[in-house]
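Listing of start_37.txt; format and content: compact mmCIF, C-alpha atoms and all ligand atoms.
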```txt
# COMPACT_ATOMS: atom_id res chain seq x y z
CA MET A 1 97.43 58.18 136.12
CA ARG A 2 93.99 59.79 136.58
CA THR A 3 93.49 63.52 136.23
CA PHE A 4 90.26 65.20 137.23
CA ILE A 5 89.48 68.61 135.70
CA ALA A 6 86.79 70.20 137.80
CA GLY A 7 84.22 72.88 137.15
CA GLY A 8 85.26 74.24 133.74
CA ARG A 9 83.07 75.28 130.84
CA VAL A 10 83.59 72.39 128.44
CA ILE A 11 83.36 73.39 124.77
CA ASP A 12 83.61 70.53 122.28
CA PRO A 13 82.14 71.23 118.84
CA ALA A 14 82.67 67.59 117.78
CA ASN A 15 80.00 66.60 120.28
CA LYS A 16 78.06 69.87 120.12
CA THR A 17 78.87 70.45 123.78
CA ASP A 18 79.01 73.74 125.70
CA SER A 19 78.35 73.04 129.42
CA LYS A 20 79.87 73.24 132.86
CA LEU A 21 81.21 69.70 133.37
CA ASN A 22 84.01 67.78 135.03
CA VAL A 23 86.40 65.79 132.82
CA LEU A 24 88.37 62.68 133.74
CA LEU A 25 91.58 61.73 131.93
CA GLU A 26 93.10 58.29 132.36
CA ASP A 27 96.00 56.53 130.65
CA GLY A 28 96.30 59.21 128.00
CA LYS A 29 92.64 59.11 126.98
CA ILE A 30 89.43 60.97 127.74
CA ALA A 31 87.91 58.62 130.31
CA GLY A 32 84.67 60.23 131.46
CA PHE A 33 82.52 63.23 132.34
CA SER A 34 80.63 63.99 135.52
CA THR A 35 78.73 66.65 137.36
CA GLY A 36 80.02 65.32 140.70
CA GLU A 37 83.49 64.75 142.18
CA LEU A 38 85.59 61.72 141.11
CA GLU A 39 88.74 60.17 142.62
CA ALA A 40 91.98 61.04 140.81
CA ASP A 41 95.75 61.38 141.27
CA LEU A 42 95.70 64.99 140.13
CA ARG A 43 92.85 67.48 140.53
CA ILE A 44 92.79 70.64 138.42
CA ASP A 45 90.42 73.43 139.41
CA ALA A 46 89.06 74.84 136.14
CA ALA A 47 86.26 76.97 137.62
CA GLY A 48 85.69 80.03 135.44
CA LYS A 49 87.90 78.62 132.66
CA ILE A 50 87.30 77.14 129.22
CA VAL A 51 88.15 73.45 128.80
CA CYS A 52 88.40 72.36 125.17
CA PRO A 53 90.34 70.00 122.92
CA GLY A 54 93.97 71.00 122.41
CA PHE A 55 94.34 73.26 119.39
CA ILE A 56 95.36 71.74 116.08
CA ASP A 57 97.44 73.86 113.72
CA PRO A 58 96.80 72.68 110.15
CA HIS A 59 99.57 74.73 108.59
CA VAL A 60 103.03 74.70 110.13
CA HIS A 61 106.58 74.57 108.79
CA GLU A 62 108.22 71.98 111.00
CA ASP A 63 111.45 72.49 112.92
CA PRO A 64 114.63 71.54 111.03
CA LEU A 65 117.06 68.72 111.77
CA ASP A 66 120.35 69.52 113.47
CA SER A 67 123.75 68.29 112.28
CA SER A 68 123.27 64.96 114.06
CA GLY A 69 119.93 64.34 112.39
CA ARG A 70 117.75 65.11 115.41
CA ILE A 71 114.73 67.39 115.29
CA ASP A 72 115.86 70.76 116.61
CA ALA A 73 112.84 71.39 118.81
CA ASN A 74 114.63 73.31 121.55
CA LEU A 75 112.33 74.61 124.26
CA GLU A 76 113.12 78.29 123.69
CA THR A 77 113.00 79.24 120.04
CA SER A 78 111.61 76.25 118.14
CA VAL A 79 108.30 76.34 116.31
CA PHE A 80 107.07 73.33 118.28
CA ALA A 81 107.85 74.95 121.64
CA CYS A 82 106.05 78.14 120.59
CA MET A 83 103.08 75.96 119.59
CA LEU A 84 102.85 74.26 122.95
CA ARG A 85 103.03 77.55 124.87
CA MET A 86 99.99 78.83 122.94
CA GLY A 87 97.83 75.75 123.51
CA VAL A 88 98.49 73.84 120.30
CA THR A 89 98.81 70.09 120.91
CA THR A 90 99.02 68.80 117.32
CA VAL A 91 100.57 70.38 114.23
CA ILE A 92 100.43 69.47 110.55
CA GLY A 93 103.91 70.02 109.06
CA GLY A 94 105.24 69.73 105.52
CA ASN A 95 103.11 72.56 104.15
CA CYS A 96 103.59 74.65 100.99
CA GLY A 97 105.31 71.74 99.28
CA ALA A 98 108.30 72.05 101.57
CA SER A 99 109.49 69.63 104.20
CA VAL A 100 112.87 69.19 105.84
CA CYS A 101 112.94 65.52 104.78
CA ASP A 102 110.45 62.86 103.66
CA GLY A 103 107.43 63.50 105.90
CA ALA A 104 107.17 59.81 106.76
CA ASP A 105 110.82 59.77 107.92
CA TYR A 106 110.15 62.88 109.98
CA LEU A 107 107.32 61.05 111.77
CA ASP A 108 109.76 58.30 112.73
CA LEU A 109 112.10 60.95 114.20
CA VAL A 110 109.21 62.44 116.20
CA ASP A 111 108.56 59.03 117.76
CA ARG A 112 112.25 58.43 118.40
CA ASP A 113 113.04 61.79 120.01
CA GLY A 114 109.72 63.10 121.36
CA THR A 115 108.70 66.65 120.50
CA PRO A 116 106.90 69.42 122.41
CA VAL A 117 103.68 68.75 120.43
CA ASN A 118 102.17 65.89 118.44
CA VAL A 119 103.18 66.03 114.79
CA ALA A 120 101.35 64.93 111.64
CA MET A 121 102.97 65.47 108.25
CA LEU A 122 102.09 66.21 104.66
CA ALA A 123 104.22 64.82 101.85
CA GLY A 124 105.61 68.02 100.33
CA HIS A 125 105.68 68.05 96.53
CA GLU A 126 108.63 70.42 96.19
CA TYR A 127 110.83 68.16 98.31
CA PHE A 128 110.08 65.16 96.12
CA ARG A 129 110.36 67.24 92.96
CA PHE A 130 113.90 68.15 93.89
CA LEU A 131 114.71 64.50 94.73
CA SER A 132 113.42 63.39 91.33
CA GLY A 133 116.13 65.47 89.68
CA ALA A 134 113.93 68.38 88.61
CA ALA A 135 116.19 70.84 90.39
CA ASP A 136 115.22 73.93 88.36
CA ARG A 137 112.01 75.12 89.90
CA TYR A 138 111.29 77.40 86.96
CA ALA A 139 111.50 74.56 84.39
CA PRO A 140 108.99 71.79 83.69
CA ALA A 141 109.85 68.32 84.98
CA THR A 142 110.22 65.38 82.59
CA GLY A 143 107.69 62.55 82.41
CA GLU A 144 110.04 60.21 84.25
CA GLN A 145 110.69 62.81 86.99
CA ILE A 146 106.95 63.33 87.42
CA ARG A 147 106.33 59.59 87.74
CA SER A 148 109.14 59.36 90.26
CA MET A 149 107.74 62.16 92.48
CA ALA A 150 104.20 60.76 92.32
CA ARG A 151 105.48 57.33 93.38
CA ALA A 152 107.47 58.75 96.28
CA MET A 153 104.54 60.87 97.47
CA GLU A 154 102.23 57.88 97.43
CA GLN A 155 104.74 55.86 99.46
CA SER A 156 104.90 58.67 101.98
CA LEU A 157 101.11 58.58 102.28
CA ASP A 158 101.20 54.80 102.74
CA ARG A 159 103.63 55.34 105.63
CA GLY A 160 101.24 57.62 107.49
CA CYS A 161 101.40 61.14 106.06
CA VAL A 162 97.97 62.76 106.34
CA GLY A 163 97.99 64.27 102.84
CA ILE A 164 100.21 66.01 100.32
CA SER A 165 101.11 69.65 99.89
CA TYR A 166 102.10 72.03 97.11
CA GLY A 167 103.81 75.35 96.89
CA ILE A 168 103.10 76.12 93.25
CA ARG A 169 104.18 79.69 94.02
CA TYR A 170 107.68 78.35 94.66
CA THR A 171 107.76 75.93 91.71
CA PRO A 172 106.64 78.05 88.76
CA GLY A 173 107.73 75.26 86.38
CA MET A 174 104.76 73.16 87.52
CA THR A 175 102.55 72.08 84.61
CA ARG A 176 98.99 70.80 84.65
CA GLN A 177 100.35 67.38 83.75
CA GLU A 178 102.66 67.40 86.78
CA LEU A 179 99.86 68.61 89.04
CA LEU A 180 97.41 65.92 87.92
CA ALA A 181 99.98 63.14 88.06
CA THR A 182 101.14 64.01 91.58
CA LEU A 183 97.59 64.67 92.88
CA SER A 184 96.83 61.11 91.80
CA ALA A 185 99.01 59.97 94.70
CA CYS A 186 95.97 60.74 96.90
CA LYS A 187 93.52 58.74 94.81
CA SER A 188 93.61 55.39 96.56
CA SER A 189 93.71 56.79 100.12
CA GLY A 190 91.31 59.71 99.59
CA LYS A 191 93.67 61.92 101.63
CA PRO A 192 93.62 65.68 100.99
CA ALA A 193 96.01 67.96 99.12
CA ALA A 194 96.89 71.39 100.53
CA CYS A 195 98.16 74.11 98.26
CA HIS A 196 99.89 77.46 98.35
CA VAL A 197 98.62 78.37 94.89
CA ARG A 198 100.57 79.91 92.04
CA SER A 199 99.92 83.58 92.65
CA ASP A 200 97.98 86.05 94.75
CA ALA A 201 96.17 89.41 94.67
CA GLY A 202 94.73 90.05 91.19
CA GLU A 203 96.08 86.68 89.99
CA ILE A 204 94.42 84.68 92.78
CA PHE A 205 91.33 83.61 90.84
CA ASP A 206 93.17 81.84 88.01
CA SER A 207 95.51 80.37 90.62
CA LEU A 208 92.62 79.00 92.69
CA ARG A 209 91.02 77.50 89.56
CA GLU A 210 94.26 75.87 88.44
CA PHE A 211 94.51 73.87 91.65
CA ALA A 212 90.83 73.35 92.47
CA ASP A 213 89.89 72.21 88.95
CA ALA A 214 92.64 69.59 88.99
CA ALA A 215 91.66 68.34 92.46
CA ARG A 216 87.98 68.28 91.52
CA GLU A 217 88.71 66.35 88.34
CA LEU A 218 90.34 63.60 90.42
CA GLY A 219 87.92 63.82 93.38
CA ILE A 220 90.69 64.81 95.83
CA PRO A 221 89.71 66.82 98.96
CA ALA A 222 91.52 70.15 98.83
CA GLN A 223 92.81 72.78 101.22
CA LEU A 224 93.74 76.32 100.18
CA SER A 225 96.62 77.55 102.30
CA HIS A 226 96.89 80.81 104.28
CA ILE A 227 94.27 82.63 102.20
CA GLY A 228 94.72 85.95 104.02
CA SER A 229 98.09 86.34 102.32
CA MET A 230 96.68 85.16 98.98
CA ALA A 231 93.49 87.22 98.61
CA GLY A 232 93.72 89.78 101.41
CA PHE A 233 94.52 92.70 99.11
CA GLY A 234 90.95 93.51 98.04
CA GLN A 235 89.94 90.16 96.50
CA MET A 236 88.65 88.32 99.57
CA ALA A 237 84.87 88.58 99.08
CA ASP A 238 85.10 87.37 95.47
CA PHE A 239 87.62 84.72 96.44
CA LEU A 240 85.32 83.31 99.15
CA ALA A 241 82.40 83.39 96.73
CA LEU A 242 84.41 81.27 94.30
CA VAL A 243 85.27 78.84 97.12
CA ASP A 244 81.56 78.66 97.97
CA ALA A 245 80.70 77.95 94.32
CA TYR A 246 83.10 74.96 94.29
CA ARG A 247 81.71 73.74 97.61
CA LEU A 248 78.10 74.07 96.48
CA GLY A 249 79.09 72.16 93.37
CA GLY A 250 79.97 69.23 95.61
CA MET A 251 83.71 69.69 96.07
CA ASP A 252 85.35 69.15 99.46
CA LEU A 253 87.28 72.43 99.56
CA LEU A 254 88.40 74.20 102.75
CA CYS A 255 90.84 76.97 103.63
CA ASP A 256 93.17 78.07 106.40
CA CYS A 257 94.16 81.59 107.40
CA TYR A 258 96.34 83.26 110.01
CA PRO A 259 95.06 86.31 111.90
CA TYR A 260 97.65 88.88 110.83
CA SER A 261 97.81 91.42 108.04
CA ALA A 262 101.46 90.81 107.21
CA PHE A 263 102.99 87.72 105.60
CA SER A 264 106.49 86.30 105.87
CA THR A 265 108.80 84.68 103.34
CA GLY A 266 112.44 84.70 102.25
CA LEU A 267 113.52 87.73 100.24
CA GLY A 268 114.85 85.47 97.49
CA SER A 269 111.54 83.64 96.99
CA ALA A 270 109.43 83.90 93.84
CA THR A 271 106.97 86.07 95.79
CA TYR A 272 109.39 88.95 95.22
CA ASP A 273 110.11 88.21 91.57
CA PRO A 274 109.69 91.28 89.33
CA GLY A 275 106.08 92.45 89.21
CA TRP A 276 105.40 92.16 92.94
CA LEU A 277 105.21 95.93 93.53
CA GLU A 278 102.53 96.28 90.85
CA ARG A 279 100.65 93.16 92.03
CA TYR A 280 100.31 94.45 95.59
CA GLY A 281 100.13 98.12 94.61
CA CYS A 282 102.76 99.04 97.22
CA GLY A 283 106.28 100.36 97.66
CA TYR A 284 109.50 98.74 98.94
CA ASP A 285 108.79 100.06 102.44
CA VAL A 286 106.16 97.33 103.13
CA VAL A 287 109.05 94.84 103.44
CA GLU A 288 110.64 94.51 106.88
CA LEU A 289 113.89 92.53 107.13
CA CYS A 290 114.11 90.12 110.09
CA GLU A 291 117.76 89.10 109.90
CA GLY A 292 121.20 90.35 109.01
CA LYS A 293 122.63 93.84 109.12
CA TYR A 294 119.33 95.52 108.25
CA LYS A 295 117.34 93.57 110.85
CA GLY A 296 114.24 95.52 111.88
CA ARG A 297 114.57 97.96 108.96
CA ARG A 298 112.02 98.60 106.22
CA CYS A 299 113.39 98.27 102.69
CA THR A 300 114.33 100.93 100.21
CA LYS A 301 114.98 99.87 96.60
CA GLU A 302 118.72 99.86 97.33
CA ILE A 303 118.44 97.71 100.47
CA PHE A 304 115.98 95.34 98.76
CA ASP A 305 118.28 94.79 95.76
CA GLU A 306 121.38 94.34 97.91
CA VAL A 307 119.87 91.81 100.33
CA ARG A 308 118.02 89.87 97.62
CA ARG A 309 121.35 89.48 95.83
CA ASP A 310 123.63 88.80 98.83
CA PHE A 311 121.34 87.10 101.40
CA PRO A 312 118.30 85.64 99.56
CA LYS A 313 117.34 83.43 102.51
CA CYS A 314 116.82 86.53 104.68
CA VAL A 315 113.43 86.21 106.40
CA THR A 316 111.12 89.13 105.66
CA VAL A 317 107.78 90.32 106.93
CA CYS A 318 105.65 92.03 104.30
CA HIS A 319 103.07 94.41 105.79
CA VAL A 320 100.68 94.50 102.88
CA MET A 321 97.32 92.77 103.55
CA LYS A 322 94.12 94.57 104.56
CA PRO A 323 93.02 93.70 108.14
CA GLU A 324 89.32 93.76 107.21
CA GLU A 325 89.96 91.20 104.46
CA VAL A 326 91.68 88.85 106.88
CA ALA A 327 88.72 89.25 109.25
CA LEU A 328 86.32 88.44 106.43
CA ALA A 329 88.23 85.23 105.73
CA LEU A 330 88.30 84.10 109.36
CA ALA A 331 84.56 84.65 109.74
CA HIS A 332 83.79 82.25 106.88
CA PRO A 333 82.59 78.77 108.01
CA ALA A 334 84.92 76.95 105.57
CA VAL A 335 88.01 78.69 106.97
CA MET A 336 90.00 77.25 109.86
CA LEU A 337 92.73 78.96 111.84
CA CYS A 338 96.40 78.30 111.16
CA SER A 339 99.71 79.91 112.10
CA ASP A 340 101.86 79.21 109.01
CA ALA A 341 104.63 79.21 111.60
CA THR A 342 108.21 79.30 110.48
CA MET A 343 111.21 80.25 112.60
CA SER A 344 114.88 80.82 111.99
CA GLN A 345 116.73 80.80 115.34
CA GLY A 346 113.87 82.58 117.05
CA GLN A 347 113.49 85.15 114.25
CA GLY A 348 110.45 85.45 112.06
CA HIS A 349 106.77 86.26 112.16
CA PRO A 350 104.99 86.45 115.55
CA ARG A 351 102.18 84.22 114.25
CA ALA A 352 104.30 81.21 115.33
CA ALA A 353 103.87 82.17 118.97
CA GLY A 354 100.63 84.15 118.88
CA ALA A 355 98.15 83.04 116.21
CA PHE A 356 95.85 80.97 118.42
CA PRO A 357 95.56 83.27 121.47
CA ARG A 358 95.16 86.17 119.03
CA LEU A 359 92.01 84.62 117.56
CA PHE A 360 90.40 84.60 121.01
CA ALA A 361 91.69 88.03 122.01
CA GLU A 362 90.94 89.89 118.78
CA TYR A 363 88.11 87.96 117.21
CA VAL A 364 86.14 86.54 120.14
CA ARG A 365 86.57 89.42 122.60
CA GLY A 366 86.34 91.79 119.63
CA GLY A 367 82.89 90.41 118.80
CA LYS A 368 83.75 88.99 115.36
CA LEU A 369 83.37 85.30 116.30
CA SER A 370 81.60 83.40 119.07
CA LEU A 371 83.76 81.44 121.48
CA TYR A 372 82.23 78.22 120.15
CA GLN A 373 83.03 79.16 116.53
CA ALA A 374 86.60 80.00 117.44
CA VAL A 375 87.08 76.68 119.26
CA GLU A 376 85.64 74.85 116.24
CA LYS A 377 88.12 76.58 113.90
CA CYS A 378 90.99 75.52 116.17
CA THR A 379 89.96 71.92 116.84
CA LEU A 380 87.24 70.08 114.94
CA LEU A 381 87.74 71.66 111.50
CA PRO A 382 91.44 70.79 111.19
CA ALA A 383 90.92 67.34 112.79
CA GLU A 384 88.25 66.45 110.24
CA ARG A 385 90.17 67.96 107.35
CA PHE A 386 93.19 65.75 107.97
CA GLY A 387 91.37 62.63 109.19
CA LEU A 388 92.61 62.82 112.80
CA LYS A 389 89.92 60.67 114.38
CA ASN A 390 91.23 60.77 117.96
CA LYS A 391 92.22 64.43 118.03
CA GLY A 392 90.32 67.70 118.18
CA ARG A 393 87.46 66.25 120.21
CA LEU A 394 86.66 65.23 123.77
CA SER A 395 84.85 62.00 122.89
CA LEU A 396 85.27 59.06 125.27
CA GLY A 397 88.47 57.24 124.33
CA ALA A 398 89.88 60.13 122.29
CA ASP A 399 93.46 61.21 122.98
CA ALA A 400 93.59 63.38 126.09
CA ASP A 401 94.95 66.53 124.42
CA LEU A 402 93.32 69.49 126.18
CA VAL A 403 93.77 73.17 126.75
CA ILE A 404 92.37 75.11 129.69
CA PHE A 405 92.28 78.89 129.30
CA ASP A 406 90.72 82.06 130.60
CA ALA A 407 88.52 83.54 127.87
CA ASP A 408 88.84 87.03 129.39
CA ARG A 409 92.63 86.92 129.69
CA ILE A 410 93.95 84.86 126.80
CA GLN A 411 96.20 87.15 124.78
CA ASP A 412 99.05 86.92 122.31
CA ARG A 413 102.13 88.96 123.21
CA ALA A 414 104.52 88.07 120.38
CA THR A 415 105.35 91.02 118.13
CA PHE A 416 107.43 91.57 115.02
CA ARG A 417 110.23 92.80 117.32
CA GLN A 418 109.84 89.94 119.83
CA PRO A 419 108.38 87.09 117.78
CA ILE A 420 108.63 84.25 120.30
CA LEU A 421 107.19 86.00 123.34
CA ALA A 422 104.83 83.57 125.11
CA PRO A 423 101.15 84.47 125.32
CA GLU A 424 99.17 84.74 128.55
CA GLY A 425 95.89 83.44 129.89
CA ILE A 426 96.42 79.75 129.06
CA ASP A 427 96.44 77.88 132.35
CA TYR A 428 97.13 74.28 131.36
CA VAL A 429 97.93 72.24 128.29
CA PHE A 430 97.61 68.44 128.47
CA LEU A 431 99.24 66.28 125.83
CA ASN A 432 98.36 62.59 125.65
CA GLY A 433 96.96 62.82 129.18
CA ARG A 434 100.01 64.44 130.77
CA LEU A 435 100.67 68.01 131.83
CA ALA A 436 102.82 69.62 129.12
CA ALA A 437 102.50 73.34 129.89
CA LYS A 438 101.28 75.48 132.76
CA ASP A 439 100.74 79.26 132.62
CA CYS A 440 102.27 79.39 129.11
CA ARG A 441 105.50 77.77 130.34
CA ILE A 442 106.60 74.33 129.22
CA VAL A 443 106.54 71.73 131.97
CA SER A 444 107.36 68.70 129.85
CA GLY A 445 108.72 69.25 126.35
CA ALA A 446 108.92 65.75 124.86
CA LEU A 447 105.42 64.33 125.21
CA GLY A 448 104.54 64.77 121.53
CA ARG A 449 104.16 61.73 119.28
CA ALA A 450 103.78 61.16 115.57
CA VAL A 451 100.21 61.13 114.32
CA ARG A 452 99.79 58.78 111.37
CA VAL A 453 96.69 58.25 109.32
ZN ZN A 501 102.86 79.02 101.88
```
Go ahead and render the structure in this file as structure tokens.
Ligand SMILES: [Zn+2]
Amino acid sequence: MRTFIAGGRVIDPANKTDSKLNVLLEDGKIAGFSTGELEADLRIDAAGKIVCPGFIDPHVHEDPLDSSGRIDANLETSVFACMLRMGVTTVIGGNCGASVCDGADYLDLVDRDGTPVNVAMLAGHEYFRFLSGAADRYAPATGEQIRSMARAMEQSLDRGCVGISYGIRYTPGMTRQELLATLSACKSSGKPAACHVRSDAGEIFDSLREFADAARELGIPAQLSHIGSMAGFGQMADFLALVDAYRLGGMDLLCDCYPYSAFSTGLGSATYDPGWLERYGCGYDVVELCEGKYKGRRCTKEIFDEVRRDFPKCVTVCHVMKPEEVALALAHPAVMLCSDATMSQGQGHPRAAGAFPRLFAEYVRGGKLSLYQAVEKCTLLPAERFGLKNKGRLSLGADADLVIFDADRIQDRATFRQPILAPEGIDYVFLNGRLAAKDCRIVSGALGRAVRV
């Protein structure tokens, strides 16, 4: 199968390319470039459009397994389907320490069942912590439990996970000893560790140092997760300066960020433990409930207390970050785009269905980023971070994952009321050389494969 993509503006930061060129795909790979016409089975007219590597989302919470043990990646409401509709061709799951099962087992399921997008996985610390018997997330683990989680995480890396992840926020019992011992799982492979650090807002600096100092001590590449929701309350400039100081000191430290000024988490999570109102300097009304009998309502103290007690899993959206702080983060060269997508039966934060088009609509058309910079944040940066050598680039022989979009029309449409609404302005998405989506509608929803490193 040969596909010829004619007349588009090809942007590929991996090869420092930004030119009008034709692209040939063959047998799932990038097979050539030309300025003239070439024979093919399928010809796509891309005149006036952007042709670039398929987007890579470095921070996703993967779809769950259904009762029969299959990945529930239905083509309507799943995270993976939302990803494909917005031009993402590869996701990194298992973030924030959480994964629905051992990341390496999940990769096997992706290959068995096929998913709407390619999937790479992190070995999530919290999952293995629980398996080790350290079930109380507020209590320290024993030495034997720590050794057991470190062993399991290293095995998961050996079986193809691209790195490990932490959600120290959600495991307050984490000690420095546990952090160092489990980070050591990355030592032999040199794979990175991503972290949702212990706390945010005024507590972000100590939290950053806790994780970065440990990773630096062991020489582990590190990724700070969704920094807009960690430092977007007035701390961002100082936070980025601290990141720069680590980087200038020789550490491989990068960040991801989603382009929204509201975050999302369960009402029962440690984020809302006592002290949160003071930390964010806000009232209960910043919390919007996404499920249950108060769906769509902002909290009062009474509603907050009732739902936190009776329905702690209730997904919330917390409208509390400063938009200019999120913009500052996304403009920084060490910050890549992510969605932090999570979905519960089609309910949740619109970032799952809108983060990538939103970067082009708000940041590129809004004059905050160049088109080239935005493409780089969506392709090359995450590919390099997680060692995906055949993704995020249009090099000869690389996997033929591509997105073709209209830079003037690309637009997210998902909202907090309608979180899975498909975007517009994305003409074609190719996955492993085959047409997966057209005009933001899924054409073929099982072309995705596991990506192992
Ligand atoms: Zn997180």
Would you write out, as a tab-separated table, a table of all residues in chain A that have an atom no more than 7 Å from an atom of ligand ZN 501 (chain A), listing for each the closest atom pair and the distance in Å to one decimal, considering all atoms listed in the file and ordering rows by chain and rising residue number?
```
residue	atom	partner	partner_atom	distance
A:Asn95	CA	A:ZN501	ZN	6.9
A:Cys96	CA	A:ZN501	ZN	4.5
A:Gly167	CA	A:ZN501	ZN	6.3
A:His196	CA	A:ZN501	ZN	4.9
A:Ser225	CA	A:ZN501	ZN	6.4
A:His226	CA	A:ZN501	ZN	6.7
```
Determine, using only C-alpha atoms, which residues of segment 394-425 of chain A have any atom at most 8 Å from an atom of segment 356-378 of chain A, and tabulate each with its shortest atom pair and distance in Å to one decimal place, rows ordered by chain and then rising number, as CSV.
```
residue,atom,partner,partner_atom,distance
A:Ala407,CA,A:Phe360,CA,7.2
A:Asp408,CA,A:Arg365,CA,7.5
A:Arg409,CA,A:Ala361,CA,7.8
A:Ile410,CA,A:Pro357,CA,5.8
A:Gln411,CA,A:Pro357,CA,5.1
A:Asp412,CA,A:Pro357,CA,5.1
A:Pro423,CA,A:Pro357,CA,6.9
```
Closest-contact table, segment 299-338 of chain A side, partner segment 266-269 of chain A, 6 Å, counting only C-alpha atoms, as CSV:
```
residue,atom,partner,partner_atom,distance
A:Arg308,CA,A:Gly268,CA,5.4
A:Pro312,CA,A:Gly268,CA,4.0
A:Lys313,CA,A:Gly266,CA,5.1
A:Cys314,CA,A:Gly266,CA,5.3
A:Val315,CA,A:Gly266,CA,4.5
A:Thr316,CA,A:Gly266,CA,5.7
```
Item checked: Residue neighbourhood segment 149-164 of chain A, 10 Å, all atoms listed in the file, exclusion window fewer than 5 positions, as a PyMOL selection string -> chain A and resi 92-97+102-108+120-134+141+144+178-195+221-222+385-388+450-453
Could you give me, as a tab-separated table, a per-residue list for segment 257-352 of chain A showing, wherever an atom lies at most 12 Å from an atom of segment 197-211 of chain A, the closest pair of atoms and their distance in Å to one decimal, using all atoms listed in the file and sorting by chain then residue number from low to high?
```
residue	atom	partner	partner_atom	distance
A:Ala270	CA	A:Ser199	CA	9.6
A:Thr271	CA	A:Ser199	CA	8.1
A:Tyr272	CA	A:Ser199	CA	11.2
A:Asp273	CA	A:Ser199	CA	11.2
A:Gly275	CA	A:Ser199	CA	11.3
A:Trp276	CA	A:Asp200	CA	9.8
A:Leu277	CA	A:Ala201	CA	11.2
A:Glu278	CA	A:Gly202	CA	10.0
A:Arg279	CA	A:Ala201	CA	6.4
A:Tyr280	CA	A:Ala201	CA	6.6
A:Gly281	CA	A:Ala201	CA	9.6
A:Cys282	CA	A:Ala201	CA	11.9
A:Val320	CA	A:Ala201	CA	10.7
A:Met321	CA	A:Ala201	CA	9.6
A:Lys322	CA	A:Ala201	CA	11.3
A:Glu325	CA	A:Ala201	CA	11.7
```
